[in-house]
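**Q** Sending over protein.cif (mmCIF, C-alpha atoms, pLDDT in the B column; chains and numbers go by the auth columns).
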```
data_target
loop_
_atom_site.group_PDB
_atom_site.id
_atom_site.type_symbol
_atom_site.label_atom_id
_atom_site.label_comp_id
_atom_site.label_asym_id
_atom_site.label_seq_id
_atom_site.Cartn_x
_atom_site.Cartn_y
_atom_site.Cartn_z
_atom_site.B_iso_or_equiv
_atom_site.auth_seq_id
_atom_site.auth_asym_id
ATOM 1 C CA MET A 1 -16.372 65.501 -3.434 79.00 299 P
ATOM 2 C CA SER A 2 -18.204 62.233 -4.148 82.00 300 P
ATOM 3 C CA PHE A 3 -20.374 61.631 -7.204 82.00 301 P
ATOM 4 C CA GLN A 4 -23.531 61.947 -5.089 87.00 302 P
ATOM 5 C CA GLU A 5 -22.389 65.302 -3.666 90.00 303 P
ATOM 6 C CA LYS A 6 -21.623 66.614 -7.159 88.00 304 P
ATOM 7 C CA ASN A 7 -25.063 65.483 -8.324 89.00 305 P
ATOM 8 C CA ILE A 8 -26.826 67.157 -5.408 93.00 306 P
ATOM 9 C CA THR A 9 -24.834 70.388 -5.924 93.00 307 P
ATOM 10 C CA VAL A 10 -25.822 70.470 -9.601 91.00 308 P
ATOM 11 C CA THR A 11 -29.488 69.799 -8.742 92.00 309 P
ATOM 12 C CA LEU A 12 -29.358 72.501 -6.061 95.00 310 P
ATOM 13 C CA VAL A 13 -27.960 75.066 -8.522 94.00 311 P
ATOM 14 C CA ASN A 14 -30.589 74.034 -11.126 93.00 312 P
ATOM 15 C CA PHE A 15 -33.517 74.390 -8.761 95.00 313 P
ATOM 16 C CA THR A 16 -32.203 77.718 -7.426 96.00 314 P
ATOM 17 C CA LEU A 17 -32.012 79.040 -10.995 95.00 315 P
ATOM 18 C CA ILE A 18 -35.478 77.638 -11.770 96.00 316 P
ATOM 19 C CA LEU A 19 -36.890 79.306 -8.635 97.00 317 P
ATOM 20 C CA GLY A 20 -35.216 82.604 -9.614 97.00 318 P
ATOM 21 C CA PHE A 21 -36.662 82.347 -13.134 96.00 319 P
ATOM 22 C CA TYR A 22 -40.120 81.560 -11.721 97.00 320 P
ATOM 23 C CA LEU A 23 -40.099 84.522 -9.312 97.00 321 P
ATOM 24 C CA ILE A 24 -38.877 86.931 -12.020 97.00 322 P
ATOM 25 C CA ARG A 25 -41.630 85.737 -14.400 96.00 323 P
ATOM 26 C CA VAL A 26 -44.327 86.056 -11.709 96.00 324 P
ATOM 27 C CA PHE A 27 -43.241 89.600 -10.793 96.00 325 P
ATOM 28 C CA GLN A 28 -43.077 90.535 -14.492 96.00 326 P
ATOM 29 C CA MET A 29 -46.642 89.226 -14.924 95.00 327 P
ATOM 30 C CA ILE A 30 -47.883 91.188 -11.915 95.00 328 P
ATOM 31 C CA GLN A 31 -46.210 94.395 -13.147 96.00 329 P
ATOM 32 C CA ALA A 32 -47.520 93.945 -16.681 96.00 330 P
ATOM 33 C CA GLY A 33 -51.024 93.205 -15.372 94.00 331 P
ATOM 34 C CA SER A 34 -51.050 89.805 -17.091 93.00 332 P
ATOM 35 C CA PHE A 35 -51.312 87.734 -13.893 92.00 333 P
ATOM 36 C CA ASN A 36 -54.133 85.465 -15.090 93.00 334 P
ATOM 37 C CA SER A 37 -54.812 81.740 -15.059 91.00 335 P
ATOM 38 C CA THR A 38 -53.653 81.156 -18.663 93.00 336 P
ATOM 39 C CA ASN A 39 -50.212 82.687 -18.042 94.00 337 P
ATOM 40 C CA VAL A 40 -49.783 81.209 -14.567 93.00 338 P
ATOM 41 C CA PHE A 41 -50.604 77.659 -15.682 93.00 339 P
ATOM 42 C CA ARG A 42 -48.351 78.019 -18.721 94.00 340 P
ATOM 43 C CA LEU A 43 -45.563 79.013 -16.351 95.00 341 P
ATOM 44 C CA TRP A 44 -46.410 75.958 -14.208 92.00 342 P
ATOM 45 C CA GLY A 45 -45.900 73.752 -17.269 94.00 343 P
ATOM 46 C CA ILE A 46 -42.602 75.445 -18.133 95.00 344 P
ATOM 47 C CA ILE A 47 -41.287 75.073 -14.569 95.00 345 P
ATOM 48 C CA ILE A 48 -42.204 71.379 -14.314 94.00 346 P
ATOM 49 C CA ALA A 49 -40.760 70.609 -17.763 95.00 347 P
ATOM 50 C CA LEU A 50 -37.590 72.557 -16.921 92.00 348 P
ATOM 51 C CA ALA A 51 -37.220 70.756 -13.587 92.00 349 P
ATOM 52 C CA ILE A 52 -37.431 67.324 -15.237 93.00 350 P
ATOM 53 C CA VAL A 53 -35.375 67.972 -18.389 93.00 351 P
ATOM 54 C CA VAL A 54 -32.669 70.111 -16.771 88.00 352 P
ATOM 55 C CA THR A 55 -32.192 67.650 -13.885 87.00 353 P
ATOM 56 C CA ILE A 56 -31.765 64.676 -16.243 91.00 354 P
ATOM 57 C CA LEU A 57 -29.387 66.574 -18.540 91.00 355 P
ATOM 58 C CA ALA A 58 -27.392 67.991 -15.629 88.00 356 P
ATOM 59 C CA THR A 59 -26.947 64.519 -14.096 85.00 357 P
ATOM 60 C CA ILE A 60 -25.648 63.104 -17.386 89.00 358 P
ATOM 61 C CA LEU A 61 -23.345 66.086 -18.000 89.00 359 P
ATOM 62 C CA THR A 62 -22.003 65.983 -14.430 85.00 360 P
ATOM 63 C CA HIS A 63 -21.131 62.332 -14.925 83.00 361 P
ATOM 64 C CA ILE A 64 -19.361 62.975 -18.244 87.00 362 P
ATOM 65 C CA PHE A 65 -17.510 66.166 -17.267 86.00 363 P
ATOM 66 C CA SER A 66 -16.390 64.958 -13.822 81.00 364 P
ATOM 67 C CA ASN A 67 -14.850 61.881 -15.484 82.00 365 P
ATOM 68 C CA ILE A 68 -13.172 63.978 -18.207 86.00 366 P
ATOM 69 C CA ILE A 69 -11.658 66.258 -15.543 85.00 367 P
ATOM 70 C CA LEU A 70 -10.552 63.206 -13.539 79.00 368 P
ATOM 71 C CA VAL A 71 -8.835 61.660 -16.585 84.00 369 P
ATOM 72 C CA ILE A 72 -7.065 64.966 -17.379 87.00 370 P
ATOM 73 C CA LYS A 73 -5.914 65.338 -13.769 82.00 371 P
ATOM 74 C CA THR A 74 -4.792 61.772 -13.099 79.00 372 P
ATOM 75 C CA LYS A 75 -4.106 60.608 -16.697 77.00 373 P
ATOM 76 C CA GLU A 76 -5.579 57.231 -15.751 74.00 374 P
ATOM 77 C CA GLU A 77 -8.570 55.224 -16.835 71.00 375 P
ATOM 78 C CA PRO A 78 -11.733 56.744 -15.310 64.00 376 P
ATOM 79 C CA HIS A 79 -12.782 55.015 -12.133 64.00 377 P
ATOM 80 C CA ILE A 80 -16.515 55.575 -11.919 59.00 378 P
ATOM 81 C CA GLU A 81 -17.584 55.541 -8.286 63.00 379 P
ATOM 82 C CA ASP A 82 -21.295 55.800 -8.716 66.00 380 P
ATOM 83 C CA ILE A 83 -22.298 53.015 -6.356 80.00 381 P
ATOM 84 C CA GLN A 84 -24.932 53.988 -3.853 87.00 382 P
ATOM 85 C CA ASP A 85 -24.257 52.423 -0.481 93.00 383 P
ATOM 86 C CA GLU A 86 -26.309 52.284 2.733 96.00 384 P
ATOM 87 C CA ARG A 87 -25.043 55.684 3.948 96.00 385 P
ATOM 88 C CA ASP A 88 -26.069 57.309 0.653 95.00 386 P
ATOM 89 C CA ASN A 89 -29.509 55.713 0.941 96.00 387 P
ATOM 90 C CA LEU A 90 -29.943 56.938 4.537 97.00 388 P
ATOM 91 C CA ILE A 91 -28.850 60.471 3.611 97.00 389 P
ATOM 92 C CA ASP A 92 -31.261 60.382 0.673 96.00 390 P
ATOM 93 C CA LEU A 93 -34.087 59.237 2.965 97.00 391 P
ATOM 94 C CA ARG A 94 -33.374 62.011 5.468 97.00 392 P
ATOM 95 C CA GLY A 95 -33.255 64.563 2.648 97.00 393 P
ATOM 96 C CA THR A 96 -36.567 63.281 1.280 97.00 394 P
ATOM 97 C CA LYS A 97 -38.081 63.576 4.762 98.00 395 P
ATOM 98 C CA VAL A 98 -36.927 67.211 4.972 98.00 396 P
ATOM 99 C CA THR A 99 -38.309 67.880 1.454 98.00 397 P
ATOM 100 C CA TYR A 100 -41.710 66.380 2.367 98.00 398 P
ATOM 101 C CA THR A 101 -41.873 68.313 5.644 98.00 399 P
ATOM 102 C CA ALA A 102 -41.010 71.603 3.913 98.00 400 P
ATOM 103 C CA SER A 103 -43.442 70.786 1.109 97.00 401 P
ATOM 104 C CA SER A 104 -46.262 70.013 3.571 98.00 402 P
ATOM 105 C CA ILE A 105 -45.687 73.304 5.409 98.00 403 P
ATOM 106 C CA GLY A 106 -45.675 75.052 2.014 97.00 404 P
ATOM 107 C CA VAL A 107 -49.008 73.472 1.012 97.00 405 P
ATOM 108 C CA ALA A 108 -50.553 74.485 4.357 97.00 406 P
ATOM 109 C CA LEU A 109 -49.272 78.064 3.938 96.00 407 P
ATOM 110 C CA SER A 110 -50.594 78.176 0.376 96.00 408 P
ATOM 111 C CA MET A 111 -54.032 77.038 1.575 95.00 409 P
ATOM 112 C CA LEU A 112 -53.963 79.828 4.178 95.00 410 P
ATOM 113 C CA THR A 113 -54.300 82.352 1.343 95.00 411 P
ATOM 114 C CA PHE A 114 -57.956 81.252 1.032 93.00 412 P
ATOM 115 C CA VAL A 115 -58.496 82.280 4.651 94.00 413 P
ATOM 116 C CA PHE A 116 -57.325 85.782 3.742 94.00 414 P
ATOM 117 C CA GLY A 117 -59.735 85.912 0.816 94.00 415 P
ATOM 118 C CA GLN A 118 -57.141 85.557 -1.948 93.00 416 P
ATOM 119 C CA PRO A 119 -58.137 84.040 -5.331 92.00 417 P
ATOM 120 C CA PRO A 120 -57.115 80.425 -6.188 92.00 418 P
ATOM 121 C CA LEU A 121 -54.480 81.781 -8.586 93.00 419 P
ATOM 122 C CA VAL A 122 -52.425 83.083 -5.652 94.00 420 P
ATOM 123 C CA MET A 123 -52.657 79.668 -3.977 95.00 421 P
ATOM 124 C CA PHE A 124 -51.470 77.892 -7.141 93.00 422 P
ATOM 125 C CA THR A 125 -48.614 80.384 -7.584 95.00 423 P
ATOM 126 C CA LEU A 126 -47.452 79.819 -4.012 96.00 424 P
ATOM 127 C CA LEU A 127 -47.894 76.049 -4.322 95.00 425 P
ATOM 128 C CA ILE A 128 -45.228 75.669 -7.012 95.00 426 P
ATOM 129 C CA PHE A 129 -43.005 78.221 -5.263 96.00 427 P
ATOM 130 C CA PHE A 130 -43.034 76.147 -2.068 97.00 428 P
ATOM 131 C CA GLY A 131 -42.620 72.927 -4.081 96.00 429 P
ATOM 132 C CA VAL A 132 -39.374 74.129 -5.654 96.00 430 P
ATOM 133 C CA LEU A 133 -38.253 75.706 -2.363 97.00 431 P
ATOM 134 C CA ALA A 134 -38.840 72.377 -0.554 98.00 432 P
ATOM 135 C CA GLN A 135 -36.626 70.624 -3.109 96.00 433 P
ATOM 136 C CA ILE A 136 -33.879 73.216 -2.478 97.00 434 P
ATOM 137 C CA ILE A 137 -34.170 72.818 1.320 98.00 435 P
ATOM 138 C CA GLY A 138 -34.006 69.010 0.936 98.00 436 P
ATOM 139 C CA ASP A 139 -30.867 69.256 -1.234 97.00 437 P
ATOM 140 C CA ILE A 140 -29.207 71.608 1.277 98.00 438 P
ATOM 141 C CA SER A 141 -29.929 69.129 4.093 98.00 439 P
ATOM 142 C CA ARG A 142 -28.462 66.276 1.982 97.00 440 P
ATOM 143 C CA LEU A 143 -25.314 68.287 1.274 97.00 441 P
ATOM 144 C CA TYR A 144 -25.026 69.193 4.956 97.00 442 P
ATOM 145 C CA LEU A 145 -25.217 65.503 5.935 96.00 443 P
ATOM 146 C CA TYR A 146 -22.578 64.568 3.339 96.00 444 P
ATOM 147 C CA ARG A 147 -20.248 67.360 4.531 94.00 445 P
ATOM 148 C CA ARG A 148 -20.728 66.371 8.178 92.00 446 P
ATOM 149 C CA GLY A 149 -20.134 62.670 7.497 90.00 447 P
ATOM 150 C CA PHE A 150 -23.684 61.660 8.399 88.00 448 P
ATOM 151 C CA MET B 1 -24.538 66.809 18.723 51.00 96 H
ATOM 152 C CA GLY B 2 -23.750 63.875 21.037 53.00 97 H
ATOM 153 C CA LYS B 3 -20.987 61.348 20.406 64.00 98 H
ATOM 154 C CA ASN B 4 -21.631 58.141 18.538 84.00 99 H
ATOM 155 C CA ARG B 5 -22.008 55.223 20.933 89.00 100 H
ATOM 156 C CA VAL B 6 -20.639 52.688 18.450 93.00 101 H
ATOM 157 C CA LYS B 7 -16.830 52.743 18.557 95.00 102 H
ATOM 158 C CA ASN B 8 -14.541 50.929 16.138 96.00 103 H
ATOM 159 C CA ASN B 9 -10.941 49.885 15.468 96.00 104 H
ATOM 160 C CA ILE B 10 -11.140 50.007 11.686 97.00 105 H
ATOM 161 C CA ARG B 11 -8.192 52.393 11.315 97.00 106 H
ATOM 162 C CA LYS B 12 -5.998 50.308 13.606 97.00 107 H
ATOM 163 C CA LEU B 13 -6.973 47.072 11.849 97.00 108 H
ATOM 164 C CA ARG B 14 -6.320 48.570 8.421 97.00 109 H
ATOM 165 C CA PHE B 15 -2.782 49.523 9.398 96.00 110 H
ATOM 166 C CA SER B 16 -2.143 46.096 10.881 95.00 111 H
ATOM 167 C CA ARG B 17 -3.215 44.506 7.559 93.00 112 H
ATOM 168 C CA ASP B 18 -0.313 45.758 5.387 91.00 113 H
ATOM 169 C CA GLU B 19 -1.552 49.347 5.640 94.00 114 H
ATOM 170 C CA MET B 20 -4.712 48.619 3.687 96.00 115 H
ATOM 171 C CA THR B 21 -6.074 51.843 2.185 96.00 116 H
ATOM 172 C CA GLN B 22 -9.580 53.157 2.805 96.00 117 H
ATOM 173 C CA GLN B 23 -10.307 52.655 -0.909 93.00 118 H
ATOM 174 C CA GLN B 24 -9.208 48.996 -0.776 95.00 119 H
ATOM 175 C CA LEU B 25 -11.409 48.313 2.244 96.00 120 H
ATOM 176 C CA ALA B 26 -14.301 50.175 0.622 95.00 121 H
ATOM 177 C CA GLU B 27 -14.032 48.041 -2.505 93.00 122 H
ATOM 178 C CA LYS B 28 -13.824 44.821 -0.470 95.00 123 H
ATOM 179 C CA VAL B 29 -16.990 45.560 1.516 96.00 124 H
ATOM 180 C CA GLY B 30 -18.864 47.278 -1.331 94.00 125 H
ATOM 181 C CA VAL B 31 -19.248 50.829 -0.047 95.00 126 H
ATOM 182 C CA THR B 32 -17.765 54.204 -0.977 92.00 127 H
ATOM 183 C CA ARG B 33 -14.505 55.515 0.515 92.00 128 H
ATOM 184 C CA GLN B 34 -16.520 58.351 2.106 92.00 129 H
ATOM 185 C CA THR B 35 -18.498 55.797 4.120 95.00 130 H
ATOM 186 C CA ILE B 36 -15.274 54.255 5.460 96.00 131 H
ATOM 187 C CA ILE B 37 -14.033 57.758 6.398 95.00 132 H
ATOM 188 C CA ALA B 38 -17.342 58.538 8.165 95.00 133 H
ATOM 189 C CA MET B 39 -17.105 55.241 10.090 96.00 134 H
ATOM 190 C CA GLU B 40 -13.471 55.808 11.119 96.00 135 H
ATOM 191 C CA GLN B 41 -14.378 59.258 12.382 94.00 136 H
ATOM 192 C CA GLU B 42 -17.257 57.596 14.285 93.00 137 H
ATOM 193 C CA LYS B 43 -19.800 59.809 12.608 94.00 138 H
ATOM 194 C CA TYR B 44 -21.663 56.923 11.021 95.00 139 H
ATOM 195 C CA SER B 45 -22.664 53.591 12.550 95.00 140 H
ATOM 196 C CA PRO B 46 -22.829 50.848 9.897 96.00 141 H
ATOM 197 C CA SER B 47 -25.642 48.359 9.487 97.00 142 H
ATOM 198 C CA LEU B 48 -25.169 44.945 11.089 96.00 143 H
ATOM 199 C CA GLU B 49 -24.563 43.404 7.659 97.00 144 H
ATOM 200 C CA LEU B 50 -21.817 45.896 6.772 97.00 145 H
ATOM 201 C CA ALA B 51 -20.256 45.454 10.215 97.00 146 H
ATOM 202 C CA PHE B 52 -20.062 41.690 9.629 97.00 147 H
ATOM 203 C CA ARG B 53 -18.561 42.220 6.158 97.00 148 H
ATOM 204 C CA ILE B 54 -15.842 44.463 7.637 98.00 149 H
ATOM 205 C CA ALA B 55 -15.048 41.918 10.360 97.00 150 H
ATOM 206 C CA LEU B 56 -14.889 39.201 7.696 97.00 151 H
ATOM 207 C CA VAL B 57 -12.362 41.210 5.629 97.00 152 H
ATOM 208 C CA PHE B 58 -10.104 41.574 8.688 97.00 153 H
ATOM 209 C CA GLY B 59 -10.710 37.948 9.699 96.00 154 H
ATOM 210 C CA VAL B 60 -11.598 38.833 13.289 97.00 155 H
ATOM 211 C CA PRO B 61 -14.785 38.522 15.371 97.00 156 H
ATOM 212 C CA LEU B 62 -17.217 41.453 15.238 97.00 157 H
ATOM 213 C CA VAL B 63 -16.432 42.516 18.822 96.00 158 H
ATOM 214 C CA GLU B 64 -12.806 43.107 17.899 96.00 159 H
ATOM 215 C CA VAL B 65 -13.857 45.667 15.302 97.00 160 H
ATOM 216 C CA PHE B 66 -16.847 47.290 16.968 97.00 161 H
ATOM 217 C CA SER B 67 -17.708 48.066 20.556 96.00 162 H
ATOM 218 C CA TYR B 68 -20.579 49.834 22.278 94.00 163 H
ATOM 219 C CA ASP B 69 -19.934 52.681 24.693 89.00 164 H
ATOM 220 C CA ALA B 70 -23.017 52.864 26.926 86.00 165 H
ATOM 221 C CA GLU B 71 -21.557 55.821 28.843 81.00 166 H
ATOM 222 C CA ALA B 72 -21.428 58.098 25.771 75.00 167 H
ATOM 223 C CA GLU B 73 -24.127 60.659 25.156 69.00 168 H
ATOM 224 C CA PRO B 74 -26.550 59.379 22.479 65.00 169 H
ATOM 225 C CA ALA B 75 -25.960 60.730 18.954 58.00 170 H
#
```
What would the structure in this file look like if it were written as structure tokens?
**A**
Amino acid sequence: MSFQEKNITVTLVNFTLILGFYLIRVFQMIQAGSFNSTNVFRLWGIIIALAIVVTILATILTHIFSNIILVIKTKEEPHIEDIQDERDNLIDLRGTKVTYTASSIGVALSMLTFVFGQPPLVMFTLLIFFGVLAQIIGDISRLYLYRRGF
Amino acid sequence: MGKNRVKNNIRKLRFSRDEMTQQQLAEKVGVTRQTIIAMEQEKYSPSLELAFRIALVFGVPLVEVFSYDAEAEPA
């Protein structure tokens, strides 16, 4: 598995956990009757902060731990293959395209809640749900392209 | 999925050059080993610049490394 694939896998796991945490918190709020703008926007902040901090930390830790494991296995100086070549860039572009498409569909679906007379809070809750989901779909498509070759 | 129309002799040329490894070729042309594997399996068509760099490493004209199969189904 290349460095890029490891990175994407870690990001994918992170965002899946973040999405799980978000859904659990939203359902807890609904059950407790505390589904209001203050709590929802606080959760928004937590999710965005988590997404940024966890992704940065996970990337650094992946780099360190994958090299430690490599040194233990091969007992040689670590050979860091973190160059990004044209194939990596193209896969990244395709993944970004998938993320944007999924995100756009998500935004449109979120806006549809207004048509059904739902309050803006529902739209905002769905908006971040689809945002994180789009990131997950994009990462899956990137991994698929790496596994397939291109 | 259709077959890639760009064919190549990279594997053959590597073996004819003292059994050059995929890693050695990757380092010489500045890409990852995975990209060389994808090219050899004809899953990825390189850019024109990378194609020229590969031909330069083997010291042969571009047409000896890459060819275009117009009959193949587009990828």
**Q** Can you check which parts of chain P lie within 8 Å of chain H? Per residue, the shortest pair of atoms and distance in Å to one decimal, counting only C-alpha atoms, sorted by chain and number, as a tab-separated table.
**A**
```
residue	atom	partner	partner_atom	distance
P:Ser300	CA	H:Gln129	CA	7.6
P:Glu379	CA	H:Thr127	CA	7.4
P:Ile381	CA	H:Thr127	CA	7.1
P:Gln382	CA	H:Val126	CA	7.5
P:Asp383	CA	H:Val126	CA	5.3
P:Glu384	CA	H:Val126	CA	7.7
P:Arg385	CA	H:Thr130	CA	6.5
P:Arg446	CA	H:Lys138	CA	8.0
P:Gly447	CA	H:Ala133	CA	5.0
P:Phe448	CA	H:Tyr139	CA	5.8
```
**Q** In Å, how far is it from CA of Gly331 (chain P) to CA of Leu419 (chain P)?
**A**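 The value is 13.7 Å.
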**Q** Compile the contact shell of Phe161 (chain H) as a PyMOL selection string: residues with an atom at most 12 Å away, counting all atoms listed in the file, same-chain residues fewer than 2 positions apart removed.
**A** chain H and resi 99-108+134-135+137+140-143+145-147+149-150+155-159+163-164
**Q** Do you have the CA of Phe363 (chain P)-CA of Arg392 (chain P) distance handy?
**A**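 Result for CA of Phe363 (chain P) versus CA of Arg392 (chain P): 28.0 Å, one decimal.
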**Q** For a test of reading the model, state the distance in Å between CA of Leu424 (chain P) and CA of Val396 (chain P), rounded to one decimal.
**A** 18.7 Å
**Q** On this structure, the PyMOL selection byres ((chain P and resi 405) around 10) would catch which residues? List them as JSON, numbers by chain, sorted by chain and number.
**A** {"P": [399, 400, 401, 402, 403, 404, 406, 407, 408, 409, 410, 421, 422, 424, 425, 426, 427, 428, 429]}
**Q** Give me the residues near Gly154 (chain H) as a list in words, where near means some atom within 12 Å (using all atoms listed in the file) and where sequence neighbours in that chain fewer than 6 positions away do not count.
**A** Leu108, Arg109, Ser111, Arg112, Phe147, Arg148 and Val160 of chain H
**Q** Would you put the residues from that selection into a file with C-alpha atoms, as a PDB file, in the coordinates of the input?
**A**
```pdb
ATOM      1  CA  LEU H 108      -6.973  47.072  11.849  1.00 97.00           C
ATOM      2  CA  ARG H 109      -6.320  48.570   8.421  1.00 97.00           C
ATOM      3  CA  SER H 111      -2.143  46.096  10.881  1.00 95.00           C
ATOM      4  CA  ARG H 112      -3.215  44.506   7.559  1.00 93.00           C
ATOM      5  CA  PHE H 147     -20.062  41.690   9.629  1.00 97.00           C
ATOM      6  CA  ARG H 148     -18.561  42.220   6.158  1.00 97.00           C
ATOM      7  CA  VAL H 160     -13.857  45.667  15.302  1.00 97.00           C
TER       8      VAL H 160
END
```
**Q** Rank P:Val324, P:Ile389, P:Ile366, P:Ile354 by their smallest atom-to-atom distance to Arg445 (chain P), using all atoms listed in the file, and report the top residue only.
**A**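 With all atoms listed in the file as the atom set, the closest residue is P:Ile389.
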**Q** Specify as a list in words each residue included when the PyMOL selection byres ((chain P and resi 307-323) around 9) is applied to this file.
**A**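 After applying the PyMOL selection byres ((chain P and resi 307-323) around 9), what remains is Gln302, Glu303, Lys304, Asn305, Ile306, Val324, Phe325, Gln326, Met327, Ile328, Leu341, Trp342, Ile345, Leu348, Ala349, Val352, Thr353, Ala356, Thr357, Thr360, Phe427, Val430, Leu431, Gln433, Ile434, Ile435, Asp437, Ile438 and Leu441 of chain P.
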**Q** Write out as JSON an axis-aligned box for region 146-157 of chain H: all of its atoms listed in the file, 8 Å added on each side, centre and edge lengths in Å with one decimal.
**A**
```
{"center_x": -15.2, "center_y": 41.7, "center_z": 10.5, "size_x": 26.2, "size_y": 23.5, "size_z": 25.7}
```
